[in-house]
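Listing of protein-v4.cif; format and content: mmCIF, C-alpha atoms and all ligand atoms.
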```cif
data_run
#
loop_
_atom_site.label_atom_id
_atom_site.label_comp_id
_atom_site.auth_asym_id
_atom_site.auth_seq_id
_atom_site.Cartn_x
_atom_site.Cartn_y
_atom_site.Cartn_z
CA MET A 1 -19.76 18.59 15.34
CA THR A 2 -20.63 15.70 13.03
CA PRO A 3 -23.84 13.98 14.17
CA GLY A 4 -23.20 10.66 15.85
CA ARG A 5 -19.63 11.54 16.75
CA SER A 6 -18.48 12.31 20.20
CA PRO A 7 -16.62 15.66 20.37
CA VAL A 8 -13.33 14.36 21.78
CA THR A 9 -12.32 10.76 22.39
CA ILE A 10 -9.25 9.69 24.31
CA HIS A 11 -7.73 6.34 23.37
CA LEU A 12 -5.61 4.76 26.11
CA ALA A 13 -3.08 2.05 25.30
CA LYS A 14 -0.17 0.26 26.88
CA GLU A 15 2.08 1.66 24.17
CA ILE A 16 1.85 3.90 21.13
CA TRP A 17 4.35 3.37 18.31
CA PHE A 18 4.95 5.35 15.14
CA SER A 19 7.65 6.74 12.86
CA ARG A 20 8.30 10.47 12.72
CA ARG A 21 10.30 12.38 10.17
CA SER A 22 12.68 15.04 11.36
CA GLY A 23 14.45 16.50 8.34
CA ASP A 24 16.25 13.60 6.67
CA ALA A 25 16.11 11.45 9.80
CA ILE A 26 13.36 9.03 10.77
CA GLN A 27 12.70 8.52 14.45
CA PHE A 28 10.88 5.61 16.05
CA VAL A 29 8.60 7.04 18.71
CA ALA A 30 7.40 4.66 21.43
CA LEU A 31 5.27 6.00 24.27
CA LYS A 32 4.45 3.90 27.32
CA ASP A 33 1.10 4.07 29.14
CA ALA A 34 0.05 6.42 26.42
CA ALA A 35 -3.01 8.33 25.29
CA MET A 36 -4.18 9.88 22.03
CA ALA A 37 -7.01 12.40 21.81
CA VAL A 38 -9.08 12.56 18.62
CA ASP A 39 -11.58 15.32 17.84
CA ASP A 40 -14.97 15.10 16.15
CA LEU A 41 -13.39 15.52 12.70
CA GLY A 42 -11.17 12.50 13.30
CA LYS A 43 -8.00 14.54 13.78
CA ILE A 44 -5.38 13.86 16.42
CA ILE A 45 -5.36 16.81 18.82
CA ALA A 46 -3.03 15.49 21.50
CA LEU A 47 -0.72 12.59 22.14
CA GLY A 48 1.43 11.67 25.11
CA ARG A 49 1.65 9.96 28.47
CA ALA A 50 -1.81 9.14 29.82
CA ASN A 51 -1.22 10.67 33.24
CA GLU A 52 -0.39 14.04 31.70
CA PHE A 53 -3.65 14.03 29.76
CA LYS A 54 -6.07 14.16 32.65
CA SER A 55 -5.44 17.80 33.41
CA GLN A 56 -4.86 18.98 29.82
CA VAL A 57 -7.52 17.42 27.60
CA HIS A 58 -11.20 17.42 28.31
CA ALA A 59 -12.79 14.41 26.65
CA GLU A 60 -16.39 13.31 26.46
CA ARG A 61 -15.36 9.72 25.89
CA THR A 62 -12.46 7.50 26.88
CA VAL A 63 -11.68 4.16 25.25
CA ASP A 64 -9.26 2.01 27.19
CA HIS A 65 -7.50 -0.47 24.91
CA GLY A 66 -5.90 -2.20 27.90
CA ASP A 67 -2.74 -4.05 26.92
CA GLY A 68 -3.22 -3.01 23.28
CA ILE A 69 -0.59 -1.17 21.26
CA ILE A 70 -1.71 1.70 19.05
CA MET A 71 0.13 2.09 15.74
CA PRO A 72 -0.53 3.94 12.47
CA GLY A 73 -2.67 2.04 9.97
CA PHE A 74 -0.51 0.32 7.35
CA VAL A 75 -0.11 1.58 3.78
CA ASP A 76 -0.11 -1.15 1.11
CA ALA A 77 1.13 0.71 -1.95
CA HIS A 78 0.73 -1.96 -4.66
CA LEU A 79 -1.74 -4.83 -4.96
CA HIS A 80 -4.16 -6.28 -7.48
CA CYS A 81 -7.81 -6.70 -6.55
CA PRO A 82 -8.67 -9.12 -9.41
CA GLN A 83 -5.89 -11.44 -8.23
CA ILE A 84 -7.45 -12.04 -4.84
CA ASP A 85 -8.31 -15.63 -5.81
CA VAL A 86 -4.95 -16.59 -7.37
CA ILE A 87 -2.68 -16.05 -4.34
CA GLY A 88 -0.35 -19.02 -4.02
CA SER A 89 -0.48 -20.09 -7.67
CA GLY A 90 2.99 -21.52 -7.87
CA GLY A 91 5.40 -23.03 -10.31
CA LEU A 92 6.03 -20.30 -12.87
CA PRO A 93 8.07 -17.13 -13.34
CA LEU A 94 6.38 -13.76 -13.97
CA LEU A 95 5.51 -13.72 -17.67
CA GLU A 96 4.26 -17.33 -17.77
CA TRP A 97 2.47 -16.86 -14.41
CA LEU A 98 0.61 -13.85 -15.85
CA ASN A 99 -0.57 -15.88 -18.85
CA LYS A 100 -1.54 -19.01 -16.95
CA TYR A 101 -3.17 -17.62 -13.81
CA VAL A 102 -3.57 -13.87 -13.81
CA PHE A 103 -5.09 -12.96 -17.14
CA PRO A 104 -7.84 -15.62 -16.86
CA ALA A 105 -8.62 -14.42 -13.30
CA GLU A 106 -8.72 -10.78 -14.38
CA ALA A 107 -10.95 -11.62 -17.37
CA LYS A 108 -13.65 -12.71 -14.91
CA PHE A 109 -13.81 -9.17 -13.54
CA LYS A 110 -15.70 -7.99 -16.62
CA ASP A 111 -18.72 -9.40 -14.79
CA GLN A 112 -20.04 -6.78 -12.37
CA LYS A 113 -21.03 -9.35 -9.75
CA VAL A 114 -17.59 -10.98 -9.75
CA ALA A 115 -15.91 -7.56 -9.55
CA GLN A 116 -18.13 -6.38 -6.69
CA SER A 117 -17.56 -9.59 -4.73
CA GLY A 118 -13.79 -9.34 -5.26
CA ALA A 119 -13.74 -5.71 -4.12
CA LYS A 120 -15.91 -6.46 -1.10
CA ARG A 121 -13.66 -9.31 -0.02
CA LEU A 122 -10.53 -7.22 -0.53
CA VAL A 123 -11.95 -4.47 1.67
CA ARG A 124 -12.86 -7.02 4.35
CA GLU A 125 -9.33 -8.42 4.34
CA LEU A 126 -7.52 -5.07 4.30
CA LYS A 127 -9.47 -3.91 7.34
CA ARG A 128 -8.73 -7.09 9.25
CA HIS A 129 -5.03 -6.81 8.38
CA GLY A 130 -4.84 -3.20 9.57
CA VAL A 131 -4.33 -1.63 6.14
CA THR A 132 -5.98 1.80 6.07
CA THR A 133 -4.58 3.12 2.77
CA ALA A 134 -4.08 1.04 -0.36
CA ALA A 135 -2.95 1.65 -3.94
CA VAL A 136 -4.78 -1.02 -5.90
CA PHE A 137 -4.77 -2.17 -9.51
CA SER A 138 -8.16 -3.08 -10.91
CA SER A 139 -8.65 -5.09 -14.10
CA VAL A 140 -8.93 -3.54 -17.56
CA HIS A 141 -12.71 -3.30 -17.14
CA ALA A 142 -14.27 0.00 -16.06
CA VAL A 143 -16.96 -1.92 -14.20
CA ALA A 144 -14.30 -3.47 -11.95
CA ALA A 145 -12.73 -0.09 -11.12
CA GLU A 146 -16.20 1.25 -10.37
CA ALA A 147 -16.86 -1.68 -8.00
CA LEU A 148 -13.56 -1.11 -6.22
CA PHE A 149 -14.17 2.60 -5.66
CA SER A 150 -17.73 2.02 -4.47
CA GLU A 151 -16.69 -0.64 -1.94
CA PHE A 152 -13.86 1.49 -0.53
CA ASP A 153 -16.19 4.48 -0.43
CA ALA A 154 -18.72 2.51 1.59
CA ALA A 155 -16.06 1.03 3.88
CA GLY A 156 -14.32 4.31 4.72
CA LEU A 157 -10.82 3.18 3.71
CA ARG A 158 -8.39 5.28 1.66
CA LEU A 159 -7.92 4.15 -1.93
CA ILE A 160 -5.74 5.08 -4.88
CA SER A 161 -6.85 3.10 -7.92
CA GLY A 162 -7.69 3.07 -11.58
CA LYS A 163 -8.65 0.74 -14.36
CA THR A 164 -5.63 -1.05 -15.77
CA SER A 165 -4.69 0.01 -19.30
CA MET A 166 -3.66 -2.80 -21.66
CA ASP A 167 -4.03 -2.99 -25.41
CA VAL A 168 -1.31 -5.48 -26.41
CA GLY A 169 0.53 -8.55 -25.15
CA ALA A 170 -2.33 -10.45 -23.52
CA PRO A 171 -5.52 -12.35 -24.45
CA GLY A 172 -8.28 -10.22 -26.03
CA GLU A 173 -10.59 -10.42 -23.03
CA VAL A 174 -8.16 -8.36 -20.92
CA LEU A 175 -7.35 -5.80 -23.63
CA GLN A 176 -9.19 -2.60 -24.51
CA PRO A 177 -8.60 -0.26 -27.45
CA VAL A 178 -7.05 3.13 -26.67
CA ARG A 179 -10.04 5.34 -27.38
CA SER A 180 -12.60 3.58 -25.22
CA ASP A 181 -9.98 3.07 -22.49
CA ILE A 182 -9.41 6.82 -22.25
CA GLU A 183 -13.15 7.56 -22.36
CA ASP A 184 -13.75 5.13 -19.49
CA GLN A 185 -10.95 6.71 -17.48
CA GLU A 186 -12.23 10.25 -18.05
CA ALA A 187 -15.58 9.15 -16.61
CA LEU A 188 -13.98 7.38 -13.63
CA ILE A 189 -11.81 10.42 -12.86
CA LYS A 190 -14.85 12.68 -12.92
CA ARG A 191 -16.82 10.39 -10.64
CA TRP A 192 -14.20 9.32 -8.11
CA HIS A 193 -11.01 11.41 -8.06
CA GLY A 194 -10.86 13.29 -4.75
CA LYS A 195 -14.18 11.93 -3.48
CA ALA A 196 -14.59 12.26 0.30
CA GLY A 197 -10.92 13.30 0.46
CA ARG A 198 -10.11 9.58 0.61
CA LEU A 199 -10.50 8.21 -2.93
CA PHE A 200 -8.09 9.13 -5.71
CA TYR A 201 -7.66 8.06 -9.31
CA ALA A 202 -4.46 6.49 -10.67
CA ILE A 203 -3.67 6.22 -14.36
CA THR A 204 -2.53 2.61 -14.53
CA PRO A 205 -0.57 1.29 -17.51
CA ARG A 206 -0.06 -2.35 -16.45
CA PHE A 207 3.56 -2.27 -17.65
CA ALA A 208 5.57 -1.40 -20.73
CA LEU A 209 4.76 -4.71 -22.45
CA SER A 210 1.00 -4.34 -22.19
CA CYS A 211 0.74 -0.90 -23.77
CA SER A 212 1.27 0.08 -27.42
CA ARG A 213 3.01 3.34 -28.28
CA GLU A 214 -0.37 4.85 -29.04
CA MET A 215 -1.71 3.77 -25.63
CA MET A 216 1.32 5.10 -23.76
CA ARG A 217 1.00 8.44 -25.61
CA ALA A 218 -2.70 8.64 -24.79
CA LEU A 219 -2.00 7.90 -21.11
CA GLY A 220 0.65 10.63 -21.05
CA ASP A 221 -1.88 13.06 -22.54
CA LEU A 222 -4.51 11.98 -20.02
CA ARG A 223 -2.02 12.59 -17.24
CA GLU A 224 -1.23 16.04 -18.59
CA ARG A 225 -4.92 16.92 -18.51
CA ASN A 226 -5.24 15.50 -14.97
CA LEU A 227 -2.07 16.40 -13.13
CA SER A 228 -3.57 15.76 -9.70
CA CYS A 229 -4.12 12.09 -10.58
CA TYR A 230 -1.67 9.37 -9.58
CA VAL A 231 0.22 7.03 -11.91
CA GLN A 232 0.95 3.41 -10.98
CA SER A 233 2.70 0.71 -12.94
CA HIS A 234 5.43 -1.94 -12.81
CA ILE A 235 9.11 -1.71 -13.68
CA SER A 236 12.16 -4.02 -13.93
CA GLU A 237 10.67 -6.95 -12.05
CA THR A 238 12.48 -9.78 -13.87
CA THR A 239 15.45 -10.07 -16.23
CA ASP A 240 13.25 -11.64 -18.96
CA GLU A 241 10.86 -8.71 -18.76
CA VAL A 242 13.69 -6.15 -18.93
CA ALA A 243 15.16 -7.93 -22.00
CA GLU A 244 11.75 -7.99 -23.70
CA VAL A 245 11.14 -4.30 -22.98
CA LYS A 246 14.53 -3.50 -24.51
CA LYS A 247 13.43 -5.29 -27.69
CA VAL A 248 9.90 -3.89 -27.93
CA TRP A 249 10.71 -0.34 -26.82
CA ASN A 250 13.96 -0.09 -28.77
CA GLY A 251 13.61 3.67 -29.19
CA SER A 252 13.75 4.25 -25.41
CA LYS A 253 17.13 4.55 -23.75
CA ASP A 254 16.10 2.24 -20.88
CA TYR A 255 13.00 0.83 -19.15
CA LEU A 256 12.29 3.94 -17.09
CA ALA A 257 12.41 6.07 -20.23
CA VAL A 258 9.30 4.29 -21.54
CA TYR A 259 7.31 6.03 -18.80
CA GLU A 260 9.53 9.11 -18.60
CA ASP A 261 9.22 9.89 -22.33
CA HIS A 262 5.44 9.97 -21.93
CA GLY A 263 5.37 12.33 -18.95
CA LEU A 264 4.38 9.61 -16.50
CA LEU A 265 6.97 10.17 -13.75
CA GLY A 266 6.61 12.45 -10.72
CA ALA A 267 5.81 12.75 -7.04
CA LYS A 268 2.53 10.91 -7.51
CA THR A 269 3.96 8.01 -9.52
CA LEU A 270 4.48 4.57 -7.98
CA LEU A 271 6.41 1.89 -9.84
CA GLY A 272 6.27 -1.63 -8.45
CA HIS A 273 9.41 -3.78 -7.97
CA GLY A 274 12.40 -2.02 -9.58
CA ILE A 275 14.73 -4.94 -8.81
CA TYR A 276 16.82 -4.48 -11.95
CA LEU A 277 16.82 -0.68 -12.19
CA THR A 278 20.19 0.76 -13.18
CA ASP A 279 21.86 3.52 -11.18
CA PRO A 280 20.96 6.20 -13.76
CA GLU A 281 17.32 5.06 -13.67
CA ILE A 282 17.20 5.24 -9.87
CA ARG A 283 18.79 8.70 -9.95
CA ARG A 284 16.14 9.91 -12.40
CA MET A 285 13.42 8.44 -10.20
CA ALA A 286 14.91 10.27 -7.22
CA ALA A 287 15.11 13.55 -9.16
CA THR A 288 11.44 13.31 -10.13
CA LYS A 289 10.35 11.98 -6.67
CA THR A 290 8.98 8.87 -8.36
CA SER A 291 8.60 6.00 -5.86
CA VAL A 292 9.78 2.42 -6.02
CA VAL A 293 7.30 0.08 -4.39
CA HIS A 294 9.11 -2.94 -2.99
CA CYS A 295 7.00 -6.10 -2.91
CA PRO A 296 9.18 -8.67 -1.13
CA THR A 297 6.78 -11.61 -0.74
CA SER A 298 5.95 -11.36 -4.43
CA ASN A 299 9.60 -11.19 -5.48
CA SER A 300 10.45 -14.24 -3.37
CA PHE A 301 7.41 -16.24 -4.48
CA LEU A 302 7.92 -15.72 -8.22
CA GLY A 303 11.68 -15.96 -7.82
CA SER A 304 12.00 -12.55 -9.48
CA GLY A 305 15.13 -11.52 -7.59
CA LEU A 306 16.45 -9.59 -4.61
CA PHE A 307 15.61 -5.89 -4.49
CA ASN A 308 18.51 -3.92 -3.06
CA LEU A 309 16.86 -1.45 -0.72
CA LYS A 310 20.07 0.10 0.57
CA ARG A 311 21.48 0.88 -2.87
CA THR A 312 18.15 2.28 -4.05
CA ALA A 313 17.77 4.41 -0.92
CA ASP A 314 21.40 5.59 -1.09
CA LEU A 315 20.74 6.84 -4.62
CA GLY A 316 17.89 8.90 -3.21
CA ALA A 317 14.74 7.14 -4.42
CA ARG A 318 11.60 6.97 -2.34
CA ILE A 319 10.80 3.41 -1.30
CA CYS A 320 7.72 1.97 0.33
CA LEU A 321 6.28 -1.51 0.81
CA ALA A 322 3.44 -3.51 -0.64
CA SER A 323 1.92 -6.98 -0.71
CA ASP A 324 1.45 -7.26 -4.49
CA ILE A 325 -1.15 -9.98 -4.12
CA GLY A 326 -1.73 -12.32 -6.05
CA ALA A 327 2.03 -12.77 -6.63
CA GLY A 328 2.54 -11.71 -3.03
CA THR A 329 1.62 -14.45 -0.61
CA GLY A 330 -0.71 -12.55 1.69
CA LEU A 331 -2.06 -9.21 2.82
CA SER A 332 -0.41 -9.07 6.23
CA PRO A 333 1.95 -6.08 6.43
CA TRP A 334 3.75 -7.90 9.27
CA GLN A 335 4.71 -10.61 6.81
CA THR A 336 5.64 -8.07 4.14
CA MET A 337 7.94 -6.31 6.62
CA LEU A 338 9.48 -9.61 7.70
CA GLU A 339 10.10 -10.67 4.10
CA CYS A 340 11.64 -7.26 3.42
CA TYR A 341 14.00 -7.91 6.31
CA LYS A 342 14.93 -11.34 4.94
CA VAL A 343 15.50 -10.12 1.38
CA GLN A 344 17.87 -7.40 2.62
CA ALA A 345 19.59 -9.79 5.08
CA LEU A 346 20.33 -12.15 2.19
CA GLN A 347 22.29 -9.26 0.68
CA GLY A 348 24.19 -8.56 3.89
CA HIS A 349 22.13 -5.57 5.01
CA ARG A 350 20.13 -5.99 8.22
CA LEU A 351 17.28 -3.53 8.62
CA THR A 352 16.13 -2.31 12.02
CA ALA A 353 12.57 -2.71 13.26
CA ASP A 354 12.35 1.10 13.15
CA GLU A 355 13.09 1.24 9.45
CA LEU A 356 10.68 -1.59 8.64
CA LEU A 357 7.87 0.20 10.47
CA TYR A 358 8.69 3.40 8.57
CA ARG A 359 8.62 1.61 5.21
CA ALA A 360 5.21 0.07 5.94
CA THR A 361 3.55 3.25 7.22
CA LEU A 362 4.98 6.77 6.87
CA ALA A 363 7.08 6.00 3.76
CA GLY A 364 3.93 4.78 2.01
CA ALA A 365 2.09 7.96 2.95
CA GLU A 366 5.05 10.04 1.72
CA SER A 367 5.14 8.17 -1.59
CA LEU A 368 1.44 8.92 -2.01
CA GLY A 369 1.78 12.56 -0.93
CA LEU A 370 -0.56 11.80 1.98
CA ASP A 371 1.97 12.26 4.79
CA GLY A 372 0.24 15.47 5.87
CA THR A 373 -2.87 13.36 6.49
CA CYS A 374 -1.80 9.90 7.63
CA GLY A 375 1.14 7.48 7.97
CA SER A 376 2.07 8.49 11.52
CA LEU A 377 0.35 9.56 14.72
CA GLU A 378 1.10 13.26 15.03
CA VAL A 379 -1.04 16.16 16.12
CA GLY A 380 -2.98 17.60 13.17
CA LYS A 381 -3.08 14.36 11.19
CA ASP A 382 -6.13 12.16 10.72
CA ALA A 383 -6.37 9.39 13.29
CA ASP A 384 -5.71 6.41 11.00
CA PHE A 385 -4.62 3.75 13.45
CA ILE A 386 -4.80 0.16 14.50
CA VAL A 387 -4.89 -1.49 17.88
CA VAL A 388 -2.54 -4.45 18.11
CA ASN A 389 -3.28 -7.12 20.68
CA PRO A 390 -0.32 -9.51 20.95
CA SER A 391 -2.20 -11.76 23.37
CA ARG A 392 -4.32 -13.01 20.45
CA ASN A 393 -1.25 -15.11 19.61
CA ARG A 394 -0.13 -17.04 22.67
CA LEU A 395 3.47 -17.63 21.63
CA LEU A 396 3.83 -13.97 20.63
CA SER A 397 2.56 -12.75 23.98
CA GLU A 398 4.97 -15.10 25.75
CA ARG A 399 7.78 -13.79 23.55
CA ILE A 400 6.80 -10.18 24.23
CA ALA A 401 6.78 -10.83 27.97
CA VAL A 402 10.56 -11.37 27.82
CA THR A 403 11.41 -8.39 25.59
CA GLU A 404 12.96 -5.25 26.99
CA THR A 405 12.49 -2.59 24.32
CA PRO A 406 9.66 -1.48 22.01
CA ALA A 407 11.88 -2.27 19.00
CA GLU A 408 12.21 -5.88 20.19
CA ARG A 409 8.45 -6.09 20.62
CA LEU A 410 7.89 -4.62 17.15
CA PHE A 411 10.24 -7.18 15.65
CA ALA A 412 8.47 -10.01 17.47
CA CYS A 413 5.14 -8.79 16.02
CA MET A 414 6.66 -9.06 12.53
CA ALA A 415 7.93 -12.58 13.15
CA TYR A 416 4.73 -13.95 14.70
CA GLY A 417 2.11 -11.49 13.54
CA ASP A 418 -0.80 -11.76 11.15
CA ASP A 419 -4.43 -10.61 11.11
CA ARG A 420 -5.11 -12.37 14.44
CA ILE A 421 -3.28 -9.69 16.39
CA ILE A 422 -5.10 -6.77 14.75
CA GLU A 423 -7.82 -5.96 17.26
CA GLU A 424 -9.27 -2.82 15.67
CA THR A 425 -8.79 -0.62 12.60
CA TYR A 426 -9.68 3.10 12.45
CA VAL A 427 -9.61 5.71 9.67
CA ALA A 428 -9.99 9.38 10.62
CA GLY A 429 -11.09 8.39 14.10
CA GLN A 430 -13.89 6.11 12.91
CA ARG A 431 -13.67 2.46 13.84
CA LEU A 432 -14.05 0.40 10.68
CA TYR A 433 -13.19 -3.00 12.10
CA ALA A 434 -13.24 -4.76 15.47
CA GLN A 435 -12.10 -8.35 15.65
CA SER A 436 -14.55 -9.10 18.42
CA LYS A 437 -17.41 -8.07 16.13
CA ALA A 438 -16.11 -9.43 12.83
CA GLU A 439 -18.05 -12.04 10.88
ZN ZN A 501 1.92 -5.90 -9.30
#
```

Output the file's structure as structure tokens, nothing else.
Amino acid sequence: MTPGRSPVTIHLAKEIWFSRRSGDAIQFVALKDAAMAVDDLGKIIALGRANEFKSQVHAERTVDHGDGIIMPGFVDAHLHCPQIDVIGSGGLPLLEWLNKYVFPAEAKFKDQKVAQSGAKRLVRELKRHGVTTAAVFSSVHAVAAEALFSEFDAAGLRLISGKTSMDVGAPGEVLQPVRSDIEDQEALIKRWHGKAGRLFYAITPRFALSCSREMMRALGDLRERNLSCYVQSHISETTDEVAEVKKVWNGSKDYLAVYEDHGLLGAKTLLGHGIYLTDPEIRRMAATKTSVVHCPTSNSFLGSGLFNLKRTADLGARICLASDIGAGTGLSPWQTMLECYKVQALQGHRLTADELLYRATLAGAESLGLDGTCGSLEVGKDADFIVVNPSRNRLLSERIAVTETPAERLFACMAYGDDRIIEETYVAGQRLYAQSKAE
């Protein structure tokens, strides 16, 4: 038994919700008057109706969450820590927005104090929004990646991250030559990849237009030497970007091939956006298990376009959700899910609450290869969960009082929900955040 931990804790809640995969099908599981037992290692050892628990599970401790709803912690599979202070910078499309707001903000992260403060504030916000696993871009500076890993390490959250690689197409203060970039990454991989079973390194070419051929080759080689590392980048976010990539990378058959030709695709690769991917590109992503990370609030805010989730899913690609702050307009997964619904509805496809929950939790864990550990509440997995308290929002609780099904309640949480209704956040059974105790 780990010192300071109670051997078995039972969490009682009015409802427990999660998505479960059964072959190709995804089920929405909703248990009423439910209980979840968590052992001293933070693993879920039993789950079910509370009244069946009393005779079956012996627990040293019981936590009654009252009218709370227990759900899996959210997975935010694409966001930018150094952009935490440029959320809501409006008026420009992607490439101009990067130049005017983002690169100057990221340049500030060369300063260790700025980077540490940014990472600390990001961790604070993720916990209060119920995000337990995040794939985060740092800036180009090794010191910023170091700050990010150290803050997530201290906080107990799960992190996939890496320093961003850029050697062309931006101001000098956010560029780094290939050789020192790779040296910095080798050191970061050694120090952080796999630490505590929660922190993992991602090779992070910002996108095709910020890496020279030499850089992309070096990143491919680095990947080959470190096959357990992740890869994260952007793809086909705007039509201007796609046209520019076609010009600059004229030897590649399409945008995806820029990454593909350098060995950067695979089951641990996450590519943000993918709005303008062609069918052959999506098929090749599906064949390599490369994930598309859909960032709906970002796409709407920058006016980048409407990602077609149905078409991308029908072609077999893995898809999960993310906030993509600072282009995204906030860290609340409720709002990301709602925006995802709206973007699909505008294209005539209306997603169910079940699917939206799946995309924001289990699909993220699957894209990261962490679905054996988190993303749903099943026996044997780590207890990464949140307690939702709808009564923190008066209109939401009044709305919920007139709902009949868990799916209706889940949808209402998306429409009205934000950080106010996240009561508590846990990773591997450890409480990392309680609203009642938050500063
Ligand atoms: Zn992004």

Note to self: Can you tell me which residues surround Val131 (chain A) at a distance of at most 9 Å, considering only C-alpha atoms, apart from same-chain residues fewer than 4 positions away, and format the answer as a ChimeraX atom specification?
What the structure shows: /A:73-76,125-127,157,331-333,386,425

Checklist line | Selection as a list in words: residues within 8 Å of ligand ZN 501 (chain A) by only C-alpha atoms and all ligand atoms | finding: His78, Leu79, His80, Phe137, Ser233, His234, Gly272, His273, Asp324, Ile325 and Ala327 of chain A

Margin query: If I take CA of Glu173 (chain A) and CA of Ser139 (chain A), how far is one from the other in Å, to one decimal?
Written below: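 Separation of CA of Glu173 (chain A) and CA of Ser139 (chain A): 10.6 Å.
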
Next item on the list: Could you jot down the CA of Leu12 (chain A) to CA of Arg198 (chain A) separation for me, Å, one decimal place?
Entry: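 According to the coordinates, CA of Leu12 (chain A) and CA of Arg198 (chain A) are separated by 26.3 Å.
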
Margin query: So the first atom is CA of Ile84 (chain A) and the second is CA of Val140 (chain A); what is the distance between them in Å, to one decimal place?
Written below: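 Distance reported for this atom pair: 15.4 Å.
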
Next item on the list: Would you list the contacts of Leu309 (chain A) as number ranges by chain, taking every protein, DNA or RNA residue within 12 Å and counting all atoms listed in the file, but skipping same-chain residues closer than 6 positions in sequence?
Entry: A: 273-277, 282, 292-296, 315-321, 340-351, 355-356, 359

Checklist line | Minimum-distance residue to Glu241 (chain A), chosen among A:Glu424, A:Asp221, A:Glu96, A:Asp64 (using only C-alpha atoms) | finding: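 For Glu241 (chain A), the nearest of the given residues is A:Glu96.
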
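Nearest residue to Gly372 (chain A), choosing from A:His65, A:Lys289, A:Lys43, A:Lys14 and counting all atoms listed in the file: A:Lys43.
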
Next item on the list: Considering only C-alpha atoms, return as a PyMOL selection string whatever protein or nucleic-acid residues lie within 9 Å of Asp279 (chain A), sequence-local ones (same chain, fewer than 4 positions apart) excluded.
Entry: chain A and resi 283-284+311-312+315

Check: Taking only C-alpha atoms into account, which of A:Lys253, A:Arg431, A:Lys437, A:Arg191 comes nearest Val63 (chain A)?
Finding: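 Closest candidate: A:Arg431.
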
Using all atoms listed in the file, which residues sit within 6 Å of region 100-110 of chain A once same-chain residues fewer than 4 positions away are excluded, as a compact mmCIF listing (two decimals) with C-alpha atoms, keeping the file's coordinate frame?
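The result, written out as part.txt:
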```
# COMPACT_ATOMS: atom_id res chain seq x y z
CA PRO A 82 -8.67 -9.12 -9.41
CA VAL A 114 -17.59 -10.98 -9.75
CA ALA A 115 -15.91 -7.56 -9.55
CA SER A 139 -8.65 -5.09 -14.10
CA HIS A 141 -12.71 -3.30 -17.14
CA ALA A 144 -14.30 -3.47 -11.95
CA GLU A 173 -10.59 -10.42 -23.03
CA VAL A 174 -8.16 -8.36 -20.92
```

Check: Can you tell me, as an MDAnalysis selection string, what residues are no more than 8 Å from Arg20 (chain A) when counting only C-alpha atoms, ignoring any on the same chain fewer than 2 positions away?
Finding: chainID A and resid 18 22 26:29 362 376

Item checked: Option closest in space to Glu398 (chain A), from A:Tyr416, A:Gly326, A:Lys113, A:Arg179 [counting all atoms listed in the file] -> A:Tyr416

Box for region 50-59 of chain A: with edges along x, y and z, all listed atoms inside and 5 Å added on each side, what are the centre and edge lengths in Å to one decimal, as JSON?
```
{"center_x": -6.6, "center_y": 14.1, "center_z": 30.0, "size_x": 22.4, "size_y": 19.8, "size_z": 16.8}
```
